[in-house]
Structures are given as structure tokens and as C-alpha cells.
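Data block for run-v1.tsv (TSV, C-alpha atoms and all ligand atoms):
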```
chain	number	residue	atom	x	y	z
Y	1	MET	CA	160.26	41.95	103.35
Y	2	SER	CA	157.66	41.45	106.08
Y	3	TYR	CA	153.93	42.15	106.22
Y	4	ASN	CA	151.27	43.49	108.56
Y	5	VAL	CA	148.91	40.59	109.20
Y	6	VAL	CA	145.49	40.53	110.84
Y	7	VAL	CA	143.80	37.25	111.83
Y	8	ILE	CA	140.03	37.41	112.21
Y	9	GLY	CA	138.47	34.67	114.31
Y	10	ALA	CA	141.77	34.25	116.14
Y	11	THR	CA	140.34	32.39	119.13
Y	12	GLY	CA	138.52	29.61	117.23
Y	13	ALA	CA	139.76	26.16	116.18
Y	14	VAL	CA	140.95	27.36	112.76
Y	15	GLY	CA	142.22	30.75	114.00
Y	16	GLY	CA	144.41	29.04	116.59
Y	17	GLU	CA	145.87	26.79	113.89
Y	18	ILE	CA	146.53	29.77	111.61
Y	19	LEU	CA	148.65	31.40	114.33
Y	20	LYS	CA	150.49	28.14	114.99
Y	21	ILE	CA	151.25	27.70	111.29
Y	22	LEU	CA	152.36	31.32	110.74
Y	23	GLU	CA	154.81	30.70	113.57
Y	24	GLU	CA	155.93	27.25	112.39
Y	25	ARG	CA	156.50	28.37	108.79
Y	26	ASN	CA	158.27	31.51	109.94
Y	27	PHE	CA	155.86	33.67	107.95
Y	28	PRO	CA	157.26	37.19	107.57
Y	29	VAL	CA	154.95	38.99	110.03
Y	30	LYS	CA	155.81	42.61	110.83
Y	31	GLU	CA	152.78	43.67	112.85
Y	32	LEU	CA	150.13	41.21	114.05
Y	33	ARG	CA	146.55	42.09	115.00
Y	34	LEU	CA	143.94	39.66	116.25
Y	35	GLY	CA	140.21	40.16	115.82
Y	36	ALA	CA	137.23	38.15	117.04
Y	37	THR	CA	133.63	38.57	118.15
Y	38	SER	CA	132.82	40.75	121.17
Y	39	ARG	CA	132.44	37.49	123.16
Y	40	SER	CA	136.12	36.62	122.63
Y	41	ALA	CA	137.54	40.14	122.76
Y	42	GLY	CA	139.98	40.60	125.63
Y	43	LYS	CA	141.36	37.04	125.44
Y	44	GLU	CA	145.14	36.76	125.28
Y	45	VAL	CA	147.09	34.77	122.73
Y	46	VAL	CA	150.82	34.07	122.61
Y	47	PHE	CA	152.58	34.39	119.25
Y	48	ARG	CA	156.36	33.98	118.93
Y	49	GLY	CA	156.69	34.36	122.70
Y	50	GLU	CA	154.77	37.64	122.83
Y	51	THR	CA	151.30	38.06	124.32
Y	52	TYR	CA	148.65	39.68	122.11
Y	53	ARG	CA	145.22	40.86	123.24
Y	54	VAL	CA	142.32	39.92	120.94
Y	55	VAL	CA	140.04	42.84	120.05
Y	56	GLU	CA	136.52	42.97	118.69
Y	57	THR	CA	136.60	43.10	114.88
Y	58	THR	CA	135.73	46.55	113.54
Y	59	PRO	CA	136.58	48.16	110.17
Y	60	GLU	CA	139.49	50.02	111.81
Y	61	ILE	CA	141.37	46.81	112.58
Y	62	PHE	CA	142.26	46.60	108.86
Y	63	ASP	CA	143.84	50.07	108.63
Y	64	GLY	CA	147.49	49.74	107.61
Y	65	MET	CA	147.30	45.94	107.31
Y	66	ASP	CA	148.61	44.09	104.24
Y	67	ILE	CA	147.11	40.60	104.65
Y	68	ALA	CA	143.91	39.55	106.44
Y	69	LEU	CA	143.35	35.89	107.23
Y	70	PHE	CA	139.69	35.21	108.05
Y	71	ALA	CA	139.23	31.90	109.90
Y	72	GLY	CA	135.58	31.59	108.81
Y	73	GLY	CA	132.11	32.32	110.12
Y	74	SER	CA	129.91	35.37	109.83
Y	75	ALA	CA	132.75	37.92	110.14
Y	76	SER	CA	133.68	37.23	106.52
Y	77	LYS	CA	130.39	38.51	105.09
Y	78	GLU	CA	130.54	41.52	107.37
Y	79	PHE	CA	134.19	42.52	106.99
Y	80	ALA	CA	136.01	40.81	104.07
Y	81	ARG	CA	134.86	43.32	101.43
Y	82	VAL	CA	135.51	46.16	103.91
Y	83	ALA	CA	139.10	44.98	104.32
Y	84	ALA	CA	139.59	44.49	100.57
Y	85	ALA	CA	138.29	48.02	99.92
Y	86	LYS	CA	141.06	49.29	102.21
Y	87	GLY	CA	143.64	47.56	99.98
Y	88	VAL	CA	144.15	44.61	102.30
Y	89	THR	CA	144.57	41.23	100.58
Y	90	VAL	CA	142.03	38.91	102.16
Y	91	ILE	CA	142.31	35.13	102.42
Y	92	ASP	CA	138.93	33.90	103.50
Y	93	ASN	CA	138.11	30.49	104.95
Y	94	SER	CA	134.32	30.93	104.96
Y	95	SER	CA	131.99	29.76	102.20
Y	96	ALA	CA	130.78	33.32	101.55
Y	97	PHE	CA	132.79	34.08	98.40
Y	98	ARG	CA	134.03	30.72	97.14
Y	99	LEU	CA	131.78	30.57	94.11
Y	100	GLU	CA	131.88	34.29	93.26
Y	101	PRO	CA	133.30	34.71	89.73
Y	102	ASP	CA	135.69	37.50	90.83
Y	103	VAL	CA	137.16	35.42	93.67
Y	104	PRO	CA	139.83	32.77	93.04
Y	105	LEU	CA	139.33	29.54	94.98
Y	106	VAL	CA	142.80	28.16	95.54
Y	107	VAL	CA	144.56	24.98	96.60
Y	108	PRO	CA	148.26	25.68	96.07
Y	109	GLU	CA	149.05	22.11	94.90
Y	110	VAL	CA	146.25	22.28	92.31
Y	111	ASN	CA	145.67	25.80	90.92
Y	112	PRO	CA	148.39	28.09	92.35
Y	113	GLU	CA	148.32	30.48	89.39
Y	114	ASP	CA	144.75	31.50	90.22
Y	115	VAL	CA	145.96	33.74	93.05
Y	116	LYS	CA	147.32	36.07	90.35
Y	117	TRP	CA	143.88	37.30	89.23
Y	118	HIS	CA	142.54	38.14	92.68
Y	119	LYS	CA	140.67	41.41	93.17
Y	120	GLY	CA	141.23	41.64	96.91
Y	121	ILE	CA	139.75	38.36	98.16
Y	122	ILE	CA	141.05	34.83	97.67
Y	123	ALA	CA	138.84	32.05	99.01
Y	124	ASN	CA	140.11	29.00	100.85
Y	125	PRO	CA	138.01	25.97	99.84
Y	126	ASN	CA	136.03	23.76	102.18
Y	127	CYS	CA	138.13	21.27	104.12
Y	128	SER	CA	136.61	18.15	102.59
Y	129	THR	CA	137.11	19.58	99.08
Y	130	ILE	CA	140.76	20.51	99.67
Y	131	GLN	CA	141.95	17.03	100.62
Y	132	MET	CA	139.97	15.44	97.79
Y	133	VAL	CA	141.34	17.70	95.03
Y	134	VAL	CA	144.94	17.38	96.24
Y	135	ALA	CA	144.61	13.60	95.83
Y	136	LEU	CA	142.65	13.74	92.57
Y	137	LYS	CA	144.71	16.35	90.69
Y	138	PRO	CA	147.56	14.03	89.56
Y	139	LEU	CA	145.04	11.35	88.55
Y	140	HIS	CA	142.96	13.88	86.62
Y	141	ASP	CA	146.03	15.23	84.81
Y	142	TYR	CA	146.93	11.72	83.70
Y	143	GLY	CA	143.61	10.03	83.03
Y	144	LYS	CA	140.91	12.78	83.01
Y	145	ILE	CA	138.37	12.06	85.71
Y	146	LYS	CA	134.79	11.86	84.43
Y	147	ARG	CA	132.97	11.06	87.67
Y	148	VAL	CA	133.68	11.06	91.40
Y	149	VAL	CA	131.61	9.29	94.07
Y	150	VAL	CA	132.74	10.36	97.53
Y	151	SER	CA	131.60	9.58	101.06
Y	152	THR	CA	133.17	11.53	103.90
Y	153	TYR	CA	133.84	10.67	107.53
Y	154	GLN	CA	134.26	14.12	109.06
Y	155	ALA	CA	135.78	14.87	112.45
Y	156	VAL	CA	133.85	16.95	114.99
Y	157	SER	CA	136.50	19.71	115.07
Y	158	GLY	CA	135.25	20.67	111.59
Y	159	ALA	CA	132.28	22.13	113.45
Y	160	GLY	CA	134.46	24.15	115.87
Y	161	ILE	CA	135.74	24.10	119.43
Y	162	GLU	CA	132.25	23.63	120.96
Y	163	ALA	CA	131.82	20.45	118.93
Y	164	ILE	CA	135.04	19.01	120.36
Y	165	GLU	CA	133.71	19.68	123.88
Y	166	GLU	CA	130.36	18.15	122.95
Y	167	LEU	CA	131.97	14.86	121.91
Y	168	LYS	CA	134.10	14.77	125.10
Y	169	GLN	CA	131.08	15.45	127.32
Y	170	GLN	CA	128.91	12.92	125.54
Y	171	VAL	CA	131.53	10.16	125.80
Y	172	LYS	CA	131.78	10.81	129.56
Y	173	ALA	CA	128.00	10.95	129.94
Y	174	TYR	CA	127.50	7.75	127.99
Y	175	LEU	CA	130.07	5.85	130.04
Y	176	ASN	CA	128.42	7.11	133.25
Y	177	GLY	CA	125.06	5.88	132.01
Y	178	GLU	CA	123.79	9.47	131.69
Y	179	GLU	CA	121.90	11.07	128.83
Y	180	ALA	CA	124.11	12.59	126.07
Y	181	VAL	CA	122.40	15.91	125.37
Y	182	PRO	CA	123.17	17.29	121.88
Y	183	SER	CA	123.65	21.00	121.31
Y	184	VAL	CA	126.02	21.63	118.35
Y	185	PHE	CA	124.85	18.56	116.44
Y	186	PRO	CA	121.19	17.57	115.97
Y	187	TYR	CA	121.76	14.14	117.59
Y	188	PRO	CA	124.30	12.61	119.98
Y	189	ILE	CA	127.61	12.23	118.16
Y	190	ALA	CA	129.35	9.95	120.70
Y	191	PHE	CA	129.11	6.33	119.52
Y	192	ASN	CA	127.02	7.51	116.57
Y	193	LEU	CA	127.30	8.79	112.97
Y	194	ILE	CA	125.26	11.68	111.59
Y	195	PRO	CA	124.75	11.67	107.80
Y	196	HIS	CA	124.06	15.39	107.74
Y	197	ILE	CA	126.59	18.27	107.66
Y	198	ASP	CA	125.35	21.84	107.23
Y	199	VAL	CA	121.87	22.63	105.91
Y	200	PHE	CA	119.81	20.65	103.43
Y	201	GLN	CA	119.59	22.22	100.00
Y	202	ASP	CA	118.55	21.23	96.45
Y	203	MET	CA	117.69	17.62	95.65
Y	204	TYR	CA	117.99	16.58	99.35
Y	205	TYR	CA	121.78	17.11	99.32
Y	206	THR	CA	123.41	19.13	102.10
Y	207	LYS	CA	125.38	22.33	101.60
Y	208	GLU	CA	128.56	20.40	102.53
Y	209	GLU	CA	127.79	17.96	99.70
Y	210	TRP	CA	127.17	20.73	97.17
Y	211	LYS	CA	130.44	22.37	98.21
Y	212	MET	CA	132.31	19.23	97.19
Y	213	VAL	CA	130.61	19.29	93.77
Y	214	LEU	CA	130.88	22.97	92.87
Y	215	GLU	CA	134.21	23.80	94.49
Y	216	THR	CA	135.90	20.80	92.83
Y	217	GLN	CA	134.73	21.96	89.40
Y	218	LYS	CA	136.00	25.52	90.04
Y	219	ILE	CA	139.39	24.52	91.46
Y	220	MET	CA	140.05	21.92	88.77
Y	221	HIS	CA	138.84	24.33	86.03
Y	222	ASP	CA	136.59	21.56	84.78
Y	223	PRO	CA	132.82	22.06	84.94
Y	224	GLU	CA	132.45	18.65	83.29
Y	225	ILE	CA	133.70	16.65	86.28
Y	226	LYS	CA	130.69	14.98	87.82
Y	227	VAL	CA	130.85	14.71	91.61
Y	228	THR	CA	128.28	13.12	93.91
Y	229	ALA	CA	128.88	13.26	97.66
Y	230	THR	CA	127.52	11.94	100.95
Y	231	THR	CA	128.99	13.78	103.93
Y	232	VAL	CA	128.90	12.19	107.36
Y	233	ARG	CA	129.95	13.42	110.81
Y	234	VAL	CA	131.79	10.78	112.82
Y	235	PRO	CA	132.91	10.69	116.48
Y	236	VAL	CA	136.55	11.46	115.65
Y	237	PHE	CA	138.19	14.55	117.14
Y	238	ARG	CA	140.43	15.53	114.28
Y	239	SER	CA	141.14	14.72	110.59
Y	240	HIS	CA	138.57	14.00	107.91
Y	241	SER	CA	138.56	10.72	105.96
Y	242	GLU	CA	137.06	10.12	102.53
Y	243	SER	CA	136.19	7.05	100.53
Y	244	ILE	CA	136.55	8.12	96.89
Y	245	ASN	CA	135.60	6.22	93.74
Y	246	ILE	CA	136.60	7.73	90.41
Y	247	GLU	CA	135.91	6.89	86.78
Y	248	THR	CA	138.50	8.10	84.28
Y	249	GLU	CA	138.71	8.42	80.50
Y	250	ILE	CA	142.11	6.68	80.42
Y	251	LYS	CA	142.63	3.59	82.56
Y	252	ILE	CA	144.77	4.11	85.68
Y	253	THR	CA	146.08	0.91	87.21
Y	254	ARG	CA	146.82	0.63	90.93
Y	255	GLU	CA	150.55	0.73	90.13
Y	256	LYS	CA	150.20	3.83	87.94
Y	257	ALA	CA	148.06	5.58	90.56
Y	258	ILE	CA	150.69	4.89	93.23
Y	259	GLU	CA	153.44	6.20	90.93
Y	260	LEU	CA	151.47	9.39	90.16
Y	261	LEU	CA	150.44	10.00	93.77
Y	262	LYS	CA	153.96	9.44	95.11
Y	263	LYS	CA	155.21	12.27	92.87
Y	264	ALA	CA	152.32	14.62	93.64
Y	265	PRO	CA	152.96	17.66	95.84
Y	266	GLY	CA	151.40	17.52	99.29
Y	267	VAL	CA	150.48	13.82	99.00
Y	268	LYS	CA	151.83	10.94	101.05
Y	269	VAL	CA	150.96	7.41	99.96
Y	270	ILE	CA	150.46	4.88	102.77
Y	271	ASP	CA	149.39	1.71	101.05
Y	272	ASN	CA	150.79	-1.57	102.23
Y	273	PRO	CA	147.93	-4.00	102.89
Y	274	GLU	CA	150.29	-6.86	103.81
Y	275	GLU	CA	151.59	-4.80	106.74
Y	276	LYS	CA	148.13	-3.36	107.56
Y	277	GLN	CA	149.31	0.11	106.54
Y	278	TYR	CA	146.75	2.67	105.41
Y	279	PRO	CA	145.91	6.26	106.39
Y	280	MET	CA	143.91	6.86	109.56
Y	281	PRO	CA	142.78	10.06	111.30
Y	282	LEU	CA	144.76	9.43	114.49
Y	283	TYR	CA	148.00	9.36	112.50
Y	284	ALA	CA	147.18	12.15	110.02
Y	285	SER	CA	146.47	14.68	112.76
Y	286	ASN	CA	148.83	17.61	113.22
Y	287	GLN	CA	150.39	17.00	109.82
Y	288	ASP	CA	150.08	18.90	106.57
Y	289	GLU	CA	150.08	16.11	103.99
Y	290	VAL	CA	147.07	14.51	102.37
Y	291	PHE	CA	147.44	10.78	103.04
Y	292	VAL	CA	146.22	8.33	100.40
Y	293	GLY	CA	145.86	4.57	100.68
Y	294	ARG	CA	143.62	1.53	99.96
Y	295	ILE	CA	144.31	2.23	96.28
Y	296	ARG	CA	142.62	-0.40	94.13
Y	297	GLU	CA	140.98	-0.78	90.77
Y	298	ASP	CA	137.19	-0.81	90.68
Y	299	ASN	CA	136.48	-4.05	88.84
Y	300	THR	CA	132.83	-3.13	88.13
Y	301	ILE	CA	133.73	-0.61	85.39
Y	302	PRO	CA	136.57	-0.51	82.81
Y	303	ASN	CA	138.34	2.60	84.18
Y	304	GLY	CA	137.57	2.89	87.87
Y	305	LEU	CA	139.67	3.40	90.96
Y	306	ASN	CA	138.99	3.44	94.71
Y	307	LEU	CA	140.98	5.54	97.18
Y	308	TRP	CA	140.94	6.27	100.91
Y	309	VAL	CA	142.05	9.83	101.65
Y	310	VAL	CA	142.75	11.28	105.11
Y	311	ALA	CA	143.98	14.74	106.12
Y	312	ASP	CA	144.04	17.04	109.12
Y	313	GLN	CA	141.17	19.30	108.16
Y	314	LEU	CA	142.17	22.06	110.58
Y	315	ARG	CA	145.63	22.21	109.01
Y	316	LYS	CA	145.65	21.29	105.29
Y	317	GLY	CA	141.86	21.62	105.15
Y	318	ALA	CA	141.92	25.17	106.50
Y	319	ALA	CA	144.86	26.93	108.20
Y	320	THR	CA	147.82	25.47	106.30
Y	321	ASN	CA	146.11	25.99	102.96
Y	322	ALA	CA	145.36	29.62	103.90
Y	323	VAL	CA	148.95	30.32	104.94
Y	324	GLN	CA	150.23	28.59	101.77
Y	325	ILE	CA	148.01	30.96	99.76
Y	326	ALA	CA	149.56	33.92	101.61
Y	327	GLU	CA	153.03	32.56	100.76
Y	328	LEU	CA	152.05	32.22	97.09
Y	329	LEU	CA	150.73	35.78	97.02
Y	330	ILE	CA	154.08	37.01	98.30
Y	331	LYS	CA	156.00	34.81	95.86
Y	332	TYR	CA	154.00	36.18	92.91
Y	333	GLY	CA	154.13	39.77	94.17
Y	334	CYS	CA	150.36	39.94	94.56
Y	335	VAL	CA	150.17	41.67	97.96
Y	336	LYS	CA	149.84	45.44	98.20
Y	337	GLN	CA	151.81	46.87	101.12
Y	338	ASN	CA	149.86	49.42	103.15
Y	339	GLY	CA	151.89	49.55	106.33
U	1	LIG	C1	132.89	20.66	108.66
U	1	LIG	N1	133.40	21.29	106.40
U	1	LIG	O1	133.68	19.73	108.82
U	1	LIG	C2	133.18	21.77	107.70
U	1	LIG	C3	134.26	22.67	108.17
U	1	LIG	N2	134.67	23.58	107.15
U	1	LIG	O2	131.86	20.80	109.26
```
Spell out the structure here as C-alpha cells.
Amino acid sequence: MSYNVVVIGATGAVGGEILKILEERNFPVKELRLGATSRSAGKEVVFRGETYRVVETTPEIFDGMDIALFAGGSASKEFARVAAAKGVTVIDNSSAFRLEPDVPLVVPEVNPEDVKWHKGIIANPNCSTIQMVVALKPLHDYGKIKRVVVSTYQAVSGAGIEAIEELKQQVKAYLNGEEAVPSVFPYPIAFNLIPHIDVFQDMYYTKEEWKMVLETQKIMHDPEIKVTATTVRVPVFRSHSESINIETEIKITREKAIELLKKAPGVKVIDNPEEKQYPMPLYASNQDEVFVGRIREDNTIPNGLNLWVVADQLRKGAATNAVQIAELLIKYGCVKQNG
């Protein structure tokens, strides 16, 4: 069986990856439509050797479609409920619906069954949350995590295609002795770090930091897990890294953690200090696994563990996770066919 699929935000960094991944995973696409803002309408995109013209997103684009993949941004608020009302099953990568009680927030390696209770919209979590929960799930199942302290090192592509250009331009400018003028970010990102992602909210934490707290609790079905986050933009093009410290109820040794993580779906352990082997963004890019390394016990508390977690945030942190959700929906028979 194949499905009519519409991708909204098809020309952005995540939209482009969604199309690549639909193609790579041989997703059963019958008809494909591509929507974007009026600024990007008219652009051409090649999918499975055929050229498609991107159109401006309007309510009509959803007519007769079965699955809508929203790459993120303001289109979600404007059109996701419209699409769902037309019987289209929406997978949404924006933050608009993630914490709504009637919207499942799904990471297929962690809470796949949640897709079954969707009411038209399934939310894709934030990139930094996805890679963290994939790594933490097997440890939580074994030792029950009480507290997580996470610091992120987030690539510029998390802020879109313009942010990639901004880093390139600023590196060139800096090396030419010219001024690096910021536009996407509040300060120069080349040769710098910016401890500020998204807007500031309660208690001087940013929205990105609150996402890691609240989304983790929803995905793990555990409002008791305490998470505190510091999210930082770094001058890396692709793949987010995270330094994670956890405290568990039951002690998890380094050896046990490695054993659990090696068996966990979607996880690849790279942890061989003698050979200088650990995950790094350059090597995680364009892959779907969540890479975990630098696994060591925290000797300042009885049951603590430190981890270093790296993943391609455009793929597993966004597009791959969204397409995996679509695959799960099909597997569980949770997609209405309208076409
Ligand atoms: C970022 N978390 O990296 C965002 C993307 N979803 O800015």
C-alpha cells in the first residue's frame, strides 16, 4: 500500500532532509506534494529522479493527502489543525503542539506505542531532546533516573539554512580581518560560543532548555524525572553534542551502562579512551544513530554517570525521527487513507 504525502517547509534544512530520507528508506509514496512559504514557492526539487515544483502552502494542498510532514516553523500553527481536520495524519516538527495533552510526542525507540492514541497530529520532539532520550531510555529502564544535568553544544544548522551561511561568511570575514556581522544569531558565532538558544523564559532559562525538561518528562512518561539544562550554540555546521550527567536510583556501573547501551535501539557506543575513540559531530553527521561515549561513573555521588552524546540533529533529531513516526503509523494501521 502507498500513501499520498505532503511535505510542508520542503525547501528548508529539515524539509530537504525529510525528502532525502523518504527516498533513502523507500517510503511508500504514491503522490507527493511540496509546500512552502510564498518566498520559496516556484522552487524545484528532485525526488526519486522526478522534478517537483514547490507551491505556496494553502489549505487546498492537503485535499486528498494521507500524511503531512511539517518541517517546522510558523506553518504548523497556521495549517496543522487544518490538515488534521481534513483527515490527514500530521507529523509536526515544530514546538507548537508538543506539550498539548491530545498530541503524542514520539521518539520511536522510546515510546512507539504513543502514536496509537493520536487525534490527527503527532509531534516530533526537539532535536536536543530526541538524542538525549534515546541514550537515556535503556539506563532509565534499568536504574530509574532521578535527575539529569545536561549541557548542549548545538550546531548552527539547528537554526536553519541561513545560520549555516552566517557561519561560513563569518569564518571568511574573520580570516580576512573583516567584521563578522551577526544576523541570525545575536552575536558572531564564528570562533565563539553563544549560551542562548531561543527566547528567555521562566527562571532565566531559555525555551530550548525548558523543551529538554518538559519534553523528556512527556516522552519518558515520568513527570518525576528532574532535568536541568544549559543549551549552547557552537560554531559546528552539523550534529549536536551533549554532556549528560545522570543520577539513578539503582547504581549503573560503566560496564553495565555500556552493556545496556550496546543493546539499545538506535544507539551506537563509541567508547575506547585508549584508542582516543569517542563520538564527535564531524563523524556523526549524515548518520541516523545516536552516538554515546565518554561513559564514566560520577564519583561525587553514589549512583551517578557521565555520558557524551552526539547525533545528527537534522536527521535523527528531526527528519529521520519524523519519517520513523510515519513508518510506525503505517505499521500500526493508524493512517486514514483519503486519496
Ligand atoms: C536548534 N533545537 O538547534 C533547535 C532546532 N530544533 O536551534
Give as a PyMOL selection string the residues surrounding ligand LIG 1 (chain U) up to a distance of 8 Å, considering only C-alpha atoms and all ligand atoms.
-> chain Y and resi 94+126-128+154-160+197-198+208+233+240+313+317-318
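We find atom CA of Trp308 of chain Y and atom CA of Asp114 of chain Y to be spaced 27.7 Å apart.
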Among Y:Pro235, Y:Pro101, Y:Pro279, Y:Pro223, Asn192 of chain Y is approached most closely, using all atoms listed in the file, by Y:Pro235
Let me have the centre and edge lengths of the axis-aligned box enclosing all listed atoms of segment 125-133 of chain Y with 8 Å padding on every side, in Å to one decimal, as lines of an AutoDock Vina configuration file.
```
center_x = 139.0
center_y = 20.7
center_z = 99.6
size_x = 21.9
size_y = 26.5
size_z = 25.1
```
Show me a table, sorted first by chain and then by increasing residue number, of the residues of segment 253-311 of chain Y having an atom at most 12 Å from segment 15-35 of chain Y, each with its shortest atom pair and the distance in Å to one decimal, counting all atoms listed in the file and written as a Markdown table.
```
| residue | atom | partner | partner_atom | distance |
| --- | --- | --- | --- | --- |
| Y:Asn286 | CA | Y:Glu17 | CA | 9.7 |
| Y:Gln287 | CA | Y:Ile21 | CA | 10.8 |
| Y:Asp288 | CA | Y:Ile21 | CA | 10.1 |
```
Kindly indicate which residue among Y:Ala84, Y:Val107, Y:Ala10, Y:Ser38 lies nearest to Ile325 of chain Y, using all atoms listed in the file for the distances.
->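 Using all atoms listed in the file, Ile325 of chain Y sits closest to Y:Val107.
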Kindly indicate which residue among Y:Gly120, Y:Gly42, Y:Pro195, Y:Pro188 lies nearest to Val54 of chain Y, using only C-alpha atoms for the distances.
->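 For Val54 of chain Y, the nearest of the given residues is Y:Gly42.
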Nearest to Glu215 of chain Y by atom-to-atom distance, counting all atoms listed in the file, from Y:Thr37, Y:Asn306, Y:Thr89, Y:Gln131 =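 Nearest to Glu215 of chain Y: Y:Gln131.
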Pick from Y:Val323, Y:Glu162, Y:Lys77, Y:Tyr204, whichever lies nearest to Val7 of chain Y using all atoms listed in the file =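 Answer, going by the shortest atom-to-atom distance: Y:Val323.
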So what do you get for atom CA of Leu167 of chain Y versus atom CA of Pro186 of chain Y, distance-wise?
->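 Spanning atom CA of Leu167 of chain Y to atom CA of Pro186 of chain Y is a straight-line distance of 12.6 Å.
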Calculate how many Å separate atom CA of Met212 of chain Y from atom CA of Ala257 of chain Y, rounding to one decimal.
-> 21.9 Å
Glu224 of chain Y: which residues within 10 Å, counting only C-alpha atoms, same-chain residues fewer than 2 positions away excluded, as number ranges by chain?
-> Y: 145-147, 217, 220-222, 226-227
Minimum-distance residue to Glu242 of chain Y, chosen among Y:Leu260, Y:Val309, Y:Ile301, Y:Met203 (using all atoms listed in the file) |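 The answer is Y:Val309, which sits nearest to Glu242 of chain Y.
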Counting only C-alpha atoms, what is within 8 Å of Thr253 of chain Y, bar same-chain residues fewer than 4 positions away, as a list in words?
-> Ala257, Arg296, Glu297 and Leu305 of chain Y
Reconstruct N, CA and C atoms of segment 263-284 of chain Y; output as a tab-separated table (two decimals), in the frame of the given file.
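Contents of selection_25.tsv, as written:
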```
chain	number	residue	atom	x	y	z
Y	263	LYS	N	154.51	11.08	93.40
Y	263	LYS	CA	155.21	12.27	92.87
Y	263	LYS	C	154.43	13.55	93.13
Y	264	ALA	N	153.19	13.43	93.55
Y	264	ALA	CA	152.32	14.62	93.64
Y	264	ALA	C	152.66	15.48	94.86
Y	265	PRO	N	152.67	16.80	94.69
Y	265	PRO	CA	152.96	17.66	95.84
Y	265	PRO	C	151.89	17.56	96.91
Y	266	GLY	N	152.35	17.51	98.16
Y	266	GLY	CA	151.40	17.52	99.29
Y	266	GLY	C	150.75	16.18	99.59
Y	267	VAL	N	151.12	15.14	98.82
Y	267	VAL	CA	150.48	13.82	99.00
Y	267	VAL	C	151.48	12.85	99.62
Y	268	LYS	N	151.00	12.03	100.53
Y	268	LYS	CA	151.83	10.94	101.05
Y	268	LYS	C	151.04	9.63	100.89
Y	269	VAL	N	151.64	8.70	100.18
Y	269	VAL	CA	150.96	7.41	99.96
Y	269	VAL	C	151.31	6.47	101.11
Y	270	ILE	N	150.27	5.93	101.75
Y	270	ILE	CA	150.46	4.88	102.77
Y	270	ILE	C	149.59	3.72	102.31
Y	271	ASP	N	150.18	2.76	101.67
Y	271	ASP	CA	149.39	1.71	101.05
Y	271	ASP	C	150.17	0.42	101.04
Y	272	ASN	N	150.08	-0.31	102.12
Y	272	ASN	CA	150.79	-1.57	102.23
Y	272	ASN	C	149.88	-2.55	102.97
Y	273	PRO	N	148.93	-3.15	102.22
Y	273	PRO	CA	147.93	-4.00	102.89
Y	273	PRO	C	148.56	-5.15	103.67
Y	274	GLU	N	149.66	-5.70	103.12
Y	274	GLU	CA	150.29	-6.86	103.81
Y	274	GLU	C	150.70	-6.49	105.23
Y	275	GLU	N	151.14	-5.25	105.41
Y	275	GLU	CA	151.59	-4.80	106.74
Y	275	GLU	C	150.49	-4.04	107.48
Y	276	LYS	N	149.27	-4.09	106.98
Y	276	LYS	CA	148.13	-3.36	107.56
Y	276	LYS	C	148.43	-1.86	107.63
Y	277	GLN	N	148.99	-1.33	106.56
Y	277	GLN	CA	149.31	0.11	106.54
Y	277	GLN	C	148.39	0.85	105.59
Y	278	TYR	N	147.69	1.82	106.15
Y	278	TYR	CA	146.75	2.67	105.41
Y	278	TYR	C	146.56	3.93	106.24
Y	279	PRO	N	146.08	5.02	105.62
Y	279	PRO	CA	145.91	6.26	106.39
Y	279	PRO	C	144.76	6.15	107.39
Y	280	MET	N	144.96	6.80	108.53
Y	280	MET	CA	143.91	6.86	109.56
Y	280	MET	C	143.96	8.22	110.25
Y	281	PRO	N	142.81	8.71	110.72
Y	281	PRO	CA	142.78	10.06	111.30
Y	281	PRO	C	143.73	10.26	112.48
Y	282	LEU	N	143.87	9.26	113.33
Y	282	LEU	CA	144.76	9.43	114.49
Y	282	LEU	C	146.18	9.78	114.07
Y	283	TYR	N	146.61	9.20	112.93
Y	283	TYR	CA	148.00	9.36	112.50
Y	283	TYR	C	148.18	10.51	111.51
Y	284	ALA	N	147.08	11.01	110.95
Y	284	ALA	CA	147.18	12.15	110.02
Y	284	ALA	C	147.14	13.47	110.79
```
